[in-house]
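**Student:** What follows is a structure written as structure tokens; I'll ask about it next.
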Amino acid sequence: MRNDNNFKKSATIGEFTIGMRRDGSIDVLIDGEPFSGKVKGLLRDEIAPEAGFDVDHKWTTRQLGSKLIDHINSSKDPDKFTGWSRELYEQEMKELPKIKAYGDALNKRDANRLSGDIGHFIKQCKASAELRECGLAENDKTTVMSDLSKQVFDDINSFLQCSLQKPKPFSNERDLQMHLVKYLMKKYTVDIEYHVPSGLINDLIKGNLDEYPWKQVRSDKPQEMYVDIVVSDETEYVPIELKYKKKEIKGKLELFGKSFKSNYVILKNDGAQLFGRYGFWKDVRRIEFLAEKFDKVRTGIVVFVTNDDNYNNESKGIGEKFNMGDGSSKYNKIDLSCSWFFDPSSTKKSYQTSPDFKLKRPKEVTWSSINGFQWAIVVVDK
């Protein structure tokens, strides 16, 4: 392990410490141990996205390292607190006295004794409304996210913000799933395709199809469930469902280190927005079901990613109750009763396995966008 005193300047983010030596060279330590690989690639592909820092690929390793150190050390924007910094913030908060649910301000002395960005962020959380928004009001019943789910929510959002800026889009839902899993595994215990057997579901619902109406084709047995991702610690499980719906994109192609300038189809068009909307709200209901039946599932997360603007536009007729417009939109009419066009006599499997269902409570959808893509992250609680 090298001594940080040899660094002219340095910055730490998560397990990474970036240091500039007096000769201008850049070193990276991972959990205190020197990184022996390609430093520029690590700075560009791992550390910069985690820090929310845009990289100019013309920069040398020394330029990139110096700018990244300055960015990490100078960032004071509390709205950018995600991932590692949110975790540090939560640790610092445990040392503070209890905060009154509707108190007007934090104790000035306690806020001032915290250093750097953490102290700055806490000083911003003075009004009771801001305290509730930050999840600090201890008696606030509207705060439904657990500590673990808040961290996972922030990390998913950071992952999408960074990944969707890259020129190469995810090719399909499994591609998105595997990259997100790789990202989350740096911090959490993660399972993929988490299996809930049909027999167990049948025992849990005891024949009540209002709780779980999805049956096997031409059978009274419920469908088994595979949850895309489950993040867990010793006390809690956070199930995560993903949806990735695409419209066609053509452009230049890069494969196996070779570039092709022809106008190839990079993303195929999925279409079938009605079933895409249905599948999204079905995932919301399935996670509600898991939260109802398992004590250690306090909250879950449903993620929808698309480059198709239709999902944020009004759906009329059959799909009206499955609208996914932004929560502030007048046409987001999702309610408890999700009436569909279930037809068990149809020869199409999609019509046989799409029954009506009821949500426990209405959910609002809030969209974010970048680089032609949009995503919505909905938190589902008990």
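Here, A, B, ... name the chains of the structure tokens in the order displayed, residue numbers run from 1 inside each chain, and ligands are numbered from 1 in the same displayed order.
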Do you know which residues are at most 8 Å from region 267-281 of chain A counting only C-alpha atoms, after dropping those on the same chain fewer than 5 positions away, and could you put them as a list in words?

**Tutor:**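 With the cut-off at 8 Å, the set is Pro169, Ser171, Lys243, Lys245, Lys246, Lys247, Glu248, Ile249, Lys250, Val302, Phe304, Asn310, Tyr311, Gly319, Phe322, Asn323 and Met324 of chain A.
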
**Student:** Show which residues sit within 9 Å of region 209-221 of chain A, as a CSV table (one decimal) with C-alpha atoms, in the first residue's frame. Count only C-alpha atoms, and ignore same-chain residues fewer than 2 positions away.

**Tutor:**
chain,number,residue,atom,x,y,z
A,198,SER,CA,-45.9,-22.0,-8.9
A,199,GLY,CA,-46.7,-24.4,-6.0
A,201,ILE,CA,-47.7,-19.1,-5.1
A,202,ASN,CA,-50.7,-21.4,-5.1
A,205,ILE,CA,-53.0,-17.2,-2.5
A,206,LYS,CA,-55.1,-20.2,-1.3
A,207,GLY,CA,-57.2,-20.0,-4.4
A,223,GLN,CA,-47.7,-19.0,-13.3
A,224,GLU,CA,-44.3,-19.3,-11.6
A,285,ARG,CA,-48.6,-5.7,-9.0
A,286,ARG,CA,-46.3,-8.7,-8.7
A,289,PHE,CA,-47.7,-9.3,-4.0
A,344,PRO,CA,-59.1,-17.1,-22.6
A,349,LYS,CA,-51.0,-16.9,-25.7
A,352,GLN,CA,-54.8,-16.0,-22.6
A,353,THR,CA,-52.3,-14.8,-20.0
A,354,SER,CA,-53.2,-11.2,-19.6
A,355,PRO,CA,-56.1,-11.1,-17.1
A,356,ASP,CA,-57.5,-8.1,-15.3
A,357,PHE,CA,-55.8,-7.3,-12.0
A,358,LYS,CA,-56.0,-4.8,-9.2

**Student:** Which residues come within 10 Å of Lys261 (chain A), counting only C-alpha atoms, excluding same-chain residues fewer than 5 positions away, as an NGL selection string?

**Tutor:** :A and (251-254)

**Student:** Name all residues at most 10 Å from Ala48 (chain A) (count only C-alpha atoms; drop same-chain ones fewer than 2 positions away) and give them as a ChimeraX atom specification.

**Tutor:** /A:13,41-46,50-55,64-65,68-69,71-72,162

**Student:** Take the residues from that selection and write them out as a PDB file, in the first residue's frame, keeping C-alpha atoms.

**Tutor:**
ATOM      1  CA  ILE A  13     -14.848   7.992  -4.105  1.00  0.00           C
ATOM      2  CA  GLY A  41      -9.511   3.013 -18.694  1.00  0.00           C
ATOM      3  CA  LEU A  42     -10.381   2.669 -15.009  1.00  0.00           C
ATOM      4  CA  LEU A  43     -10.735   6.454 -14.632  1.00  0.00           C
ATOM      5  CA  ARG A  44     -12.851   6.753 -17.770  1.00  0.00           C
ATOM      6  CA  ASP A  45     -15.068   3.673 -17.566  1.00  0.00           C
ATOM      7  CA  GLU A  46     -15.533   3.112 -13.811  1.00  0.00           C
ATOM      8  CA  GLU A  50     -19.647   6.892 -10.591  1.00  0.00           C
ATOM      9  CA  ALA A  51     -18.673  10.521  -9.949  1.00  0.00           C
ATOM     10  CA  GLY A  52     -21.095  11.847 -12.600  1.00  0.00           C
ATOM     11  CA  PHE A  53     -18.189  13.333 -14.570  1.00  0.00           C
ATOM     12  CA  ASP A  54     -18.183  13.781 -18.364  1.00  0.00           C
ATOM     13  CA  VAL A  55     -14.943  12.679 -20.016  1.00  0.00           C
ATOM     14  CA  LEU A  64      -8.249  13.160 -16.872  1.00  0.00           C
ATOM     15  CA  GLY A  65      -6.923  12.231 -13.436  1.00  0.00           C
ATOM     16  CA  LEU A  68     -11.465  14.083 -11.922  1.00  0.00           C
ATOM     17  CA  ILE A  69      -9.728  14.755  -8.592  1.00  0.00           C
ATOM     18  CA  HIS A  71     -14.370  17.436  -9.663  1.00  0.00           C
ATOM     19  CA  ILE A  72     -14.752  14.999  -6.766  1.00  0.00           C
ATOM     20  CA  CYS A 162     -24.127   7.057 -17.133  1.00  0.00           C
TER      21      CYS A 162
END

**Student:** Do you know which residues are at most 9 Å from Tyr183 (chain A) counting only C-alpha atoms, after dropping those on the same chain fewer than 4 positions away, and could you put them as a ChimeraX atom specification?

**Tutor:** /A:155-156,159,178-179,187

**Student:** Now that the selection is made, can you save its residues with N, CA and C atoms as a PDB file, in the first residue's frame?

**Tutor:**
ATOM      1  N   ASP A 155     -28.538   4.118  -6.921  1.00  0.00           N
ATOM      2  CA  ASP A 155     -27.530   3.473  -7.752  1.00  0.00           C
ATOM      3  C   ASP A 155     -28.080   3.104  -9.126  1.00  0.00           C
ATOM      4  N   ILE A 156     -29.328   2.653  -9.190  1.00  0.00           N
ATOM      5  CA  ILE A 156     -29.936   2.351 -10.496  1.00  0.00           C
ATOM      6  C   ILE A 156     -30.033   3.621 -11.333  1.00  0.00           C
ATOM      7  N   PHE A 159     -26.629   4.517 -12.573  1.00  0.00           N
ATOM      8  CA  PHE A 159     -26.233   3.584 -13.623  1.00  0.00           C
ATOM      9  C   PHE A 159     -26.863   3.965 -14.960  1.00  0.00           C
ATOM     10  N   MET A 178     -27.825  -7.702 -17.364  1.00  0.00           N
ATOM     11  CA  MET A 178     -26.498  -8.183 -16.988  1.00  0.00           C
ATOM     12  C   MET A 178     -25.564  -7.029 -16.618  1.00  0.00           C
ATOM     13  N   HIS A 179     -25.653  -5.914 -17.345  1.00  0.00           N
ATOM     14  CA  HIS A 179     -24.808  -4.768 -17.014  1.00  0.00           C
ATOM     15  C   HIS A 179     -25.219  -4.133 -15.680  1.00  0.00           C
ATOM     16  N   LYS A 187     -21.449  -3.486  -4.764  1.00  0.00           N
ATOM     17  CA  LYS A 187     -21.835  -3.022  -3.431  1.00  0.00           C
ATOM     18  C   LYS A 187     -22.739  -3.986  -2.678  1.00  0.00           C
TER      19      LYS A 187
END

**Student:** Hey, what's within 7 Å of Arg21 (chain A) if we count only C-alpha atoms and toss same-chain stuff fewer than 4 positions away? As number ranges by chain, please?

**Tutor:** A: 6-8, 25-26

**Student:** Could you please take those selected residues and save N, CA and C atoms as a compact mmCIF listing (two decimals), in the first residue's frame?

**Tutor:**
# COMPACT_ATOMS: atom_id res chain seq x y z
N ASN A 6 2.50 11.01 -0.45
CA ASN A 6 3.31 11.23 -1.64
C ASN A 6 2.52 11.91 -2.75
N PHE A 7 1.22 12.04 -2.57
CA PHE A 7 0.38 12.64 -3.59
C PHE A 7 0.38 14.17 -3.45
N LYS A 8 0.49 14.84 -4.58
CA LYS A 8 0.34 16.30 -4.61
C LYS A 8 -1.09 16.68 -4.31
N SER A 25 2.24 12.27 -12.50
CA SER A 25 1.68 10.97 -12.85
C SER A 25 0.47 10.66 -11.97
N ILE A 26 -0.41 9.79 -12.46
CA ILE A 26 -1.66 9.46 -11.77
C ILE A 26 -1.63 8.01 -11.33

**Student:** Between A:Val284, A:Met185, A:Asp191, A:Ser259, single out the one closest to Pro362 (chain A), counting only C-alpha atoms.

**Tutor:**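 When distances to Pro362 (chain A) are compared using only C-alpha atoms, the smallest one comes from A:Val284.
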
**Student:** Based on DSSP run over this structure's backbone, return all residues of region 147-296 of chain A in strand (DSSP E or B), as a ChimeraX atom specification.

**Tutor:** /A:189-196,215,222,225-232,237-245,249-255,258-267

**Student:** Take the residues that were just selected and, keeping C-alpha atoms, output them as a compact mmCIF listing (two decimals), in the first residue's frame.

**Tutor:**
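Produced file selection.txt, reproduced below:
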# COMPACT_ATOMS: atom_id res chain seq x y z
CA THR A 189 -25.44 -9.28 -2.61
CA VAL A 190 -27.31 -9.82 -5.88
CA ASP A 191 -29.35 -12.70 -7.33
CA ILE A 192 -30.73 -12.87 -10.85
CA GLU A 193 -33.84 -14.66 -12.14
CA TYR A 194 -34.95 -15.23 -8.52
CA HIS A 195 -37.39 -18.13 -8.68
CA VAL A 196 -40.76 -18.22 -6.88
CA LYS A 215 -52.56 -18.59 -14.46
CA PRO A 222 -50.68 -19.91 -11.15
CA MET A 225 -42.43 -16.09 -11.03
CA TYR A 226 -38.88 -15.15 -11.97
CA VAL A 227 -37.79 -11.81 -10.50
CA ASP A 228 -35.17 -10.15 -12.71
CA ILE A 229 -32.88 -9.00 -9.88
CA VAL A 230 -32.98 -9.28 -6.08
CA VAL A 231 -30.64 -7.18 -3.91
CA SER A 232 -30.33 -8.25 -0.28
CA TYR A 237 -34.68 -8.18 0.13
CA VAL A 238 -35.34 -5.64 -2.63
CA PRO A 239 -36.84 -7.24 -5.78
CA ILE A 240 -36.23 -5.36 -9.03
CA GLU A 241 -38.13 -5.85 -12.27
CA LEU A 242 -36.85 -4.47 -15.58
CA LYS A 243 -38.58 -3.59 -18.82
CA TYR A 244 -36.66 -2.43 -21.91
CA LYS A 245 -38.78 -1.49 -24.92
CA ILE A 249 -32.33 2.69 -34.50
CA LYS A 250 -30.02 2.60 -37.52
CA GLY A 251 -26.44 3.77 -37.59
CA LYS A 252 -22.80 2.81 -37.73
CA LEU A 253 -21.81 -0.42 -36.06
CA GLU A 254 -18.81 -1.46 -34.00
CA LEU A 255 -18.22 -5.18 -33.49
CA LYS A 258 -13.99 -3.11 -36.04
CA SER A 259 -16.14 -0.16 -37.21
CA PHE A 260 -18.74 -0.40 -39.97
CA LYS A 261 -20.12 2.87 -41.36
CA SER A 262 -23.14 1.43 -43.16
CA ASN A 263 -26.66 2.19 -41.96
CA TYR A 264 -27.26 -1.05 -40.04
CA VAL A 265 -30.20 -1.79 -37.74
CA ILE A 266 -28.69 -1.47 -34.27
CA LEU A 267 -31.95 -1.76 -32.31

**Student:** Looking only at the backbone, which of the residues in region 143-178 of chain A does DSSP tag as helix (DSSP H, G or I), as number ranges by chain?

**Tutor:** A: 147-163, 173-178

**Student:** Generate the output file for the selected residues, N, CA and C atoms, as a compact mmCIF listing (two decimals), in the first residue's frame.

**Tutor:**
# COMPACT_ATOMS: atom_id res chain seq x y z
N ASP A 147 -33.68 2.12 4.03
CA ASP A 147 -32.32 2.56 3.75
C ASP A 147 -31.73 1.82 2.56
N LEU A 148 -31.93 0.50 2.52
CA LEU A 148 -31.37 -0.30 1.44
C LEU A 148 -32.00 0.09 0.10
N SER A 149 -33.33 0.21 0.07
CA SER A 149 -33.99 0.53 -1.20
C SER A 149 -33.64 1.93 -1.68
N LYS A 150 -33.42 2.87 -0.75
CA LYS A 150 -32.99 4.22 -1.16
C LYS A 150 -31.64 4.16 -1.84
N GLN A 151 -30.72 3.38 -1.28
CA GLN A 151 -29.40 3.27 -1.87
C GLN A 151 -29.48 2.60 -3.24
N VAL A 152 -30.27 1.53 -3.34
CA VAL A 152 -30.41 0.81 -4.61
C VAL A 152 -31.07 1.71 -5.65
N PHE A 153 -32.10 2.44 -5.26
CA PHE A 153 -32.78 3.38 -6.15
C PHE A 153 -31.77 4.38 -6.71
N ASP A 154 -30.97 4.99 -5.84
CA ASP A 154 -29.98 5.97 -6.28
C ASP A 154 -28.96 5.35 -7.23
N ASP A 155 -28.54 4.12 -6.92
CA ASP A 155 -27.53 3.47 -7.75
C ASP A 155 -28.08 3.10 -9.13
N ILE A 156 -29.33 2.65 -9.19
CA ILE A 156 -29.94 2.35 -10.50
C ILE A 156 -30.03 3.62 -11.33
N ASN A 157 -30.46 4.70 -10.70
CA ASN A 157 -30.58 5.97 -11.41
C ASN A 157 -29.22 6.43 -11.93
N SER A 158 -28.18 6.32 -11.11
CA SER A 158 -26.83 6.70 -11.53
C SER A 158 -26.35 5.81 -12.68
N PHE A 159 -26.63 4.52 -12.57
CA PHE A 159 -26.23 3.58 -13.62
C PHE A 159 -26.86 3.96 -14.96
N LEU A 160 -28.16 4.27 -14.95
CA LEU A 160 -28.85 4.62 -16.19
C LEU A 160 -28.36 5.95 -16.75
N GLN A 161 -28.15 6.94 -15.89
CA GLN A 161 -27.65 8.23 -16.34
C GLN A 161 -26.32 8.08 -17.06
N CYS A 162 -25.45 7.25 -16.52
CA CYS A 162 -24.13 7.06 -17.13
C CYS A 162 -24.20 6.16 -18.37
N SER A 163 -24.90 5.04 -18.26
CA SER A 163 -24.90 4.04 -19.34
C SER A 163 -25.61 4.53 -20.59
N GLU A 173 -33.16 -6.56 -23.43
CA GLU A 173 -33.40 -6.49 -21.99
C GLU A 173 -32.38 -7.29 -21.19
N ARG A 174 -31.95 -8.43 -21.70
CA ARG A 174 -30.96 -9.23 -20.99
C ARG A 174 -29.61 -8.50 -20.93
N ASP A 175 -29.27 -7.80 -21.99
CA ASP A 175 -28.05 -6.99 -22.00
C ASP A 175 -28.11 -5.93 -20.90
N LEU A 176 -29.23 -5.23 -20.80
CA LEU A 176 -29.42 -4.24 -19.74
C LEU A 176 -29.34 -4.91 -18.37
N GLN A 177 -30.00 -6.03 -18.21
CA GLN A 177 -30.02 -6.73 -16.92
C GLN A 177 -28.62 -7.12 -16.47
N MET A 178 -27.83 -7.70 -17.36
CA MET A 178 -26.50 -8.18 -16.99
C MET A 178 -25.56 -7.03 -16.62

**Student:** Go ahead and compute the interatomic distance for CA of Thr17 (chain A) and CA of Ile30 (chain A), in Å to one decimal.

**Tutor:**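 Atom-to-atom, CA of Thr17 (chain A) and CA of Ile30 (chain A) are spaced 6.5 Å apart.
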
**Student:** Please indicate the distance in Å from CA of Val28 (chain A) to CA of Lys168 (chain A), rounded to one decimal place.

**Tutor:**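 Value for the CA of Val28 (chain A)-CA of Lys168 (chain A) distance: 27.1 Å.
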
**Student:** With only C-alpha atoms as the basis for distance, which of A:Asn313, A:Thr12, A:Gln374, A:Thr235 is at the shortest distance from Ile47 (chain A)?

**Tutor:**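 Once distances to Ile47 (chain A) are computed over only C-alpha atoms, the minimum belongs to A:Thr12.
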
**Student:** Quick one: pull the distance between CA of Lys9 (chain A) and CA of Lys67 (chain A), Å, one decimal.

**Tutor:** 11.0 Å

**Student:** Could you check the closest approach to Asp70 (chain A) for each of A:Gly19, A:Gly372, A:Gly14, A:Pro197 and tell me which residue wins, using only C-alpha atoms?

**Tutor:**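 Checking each of A:Gly19, A:Gly372, A:Gly14, A:Pro197 against Asp70 (chain A), counting only C-alpha atoms, the winner is A:Gly19.
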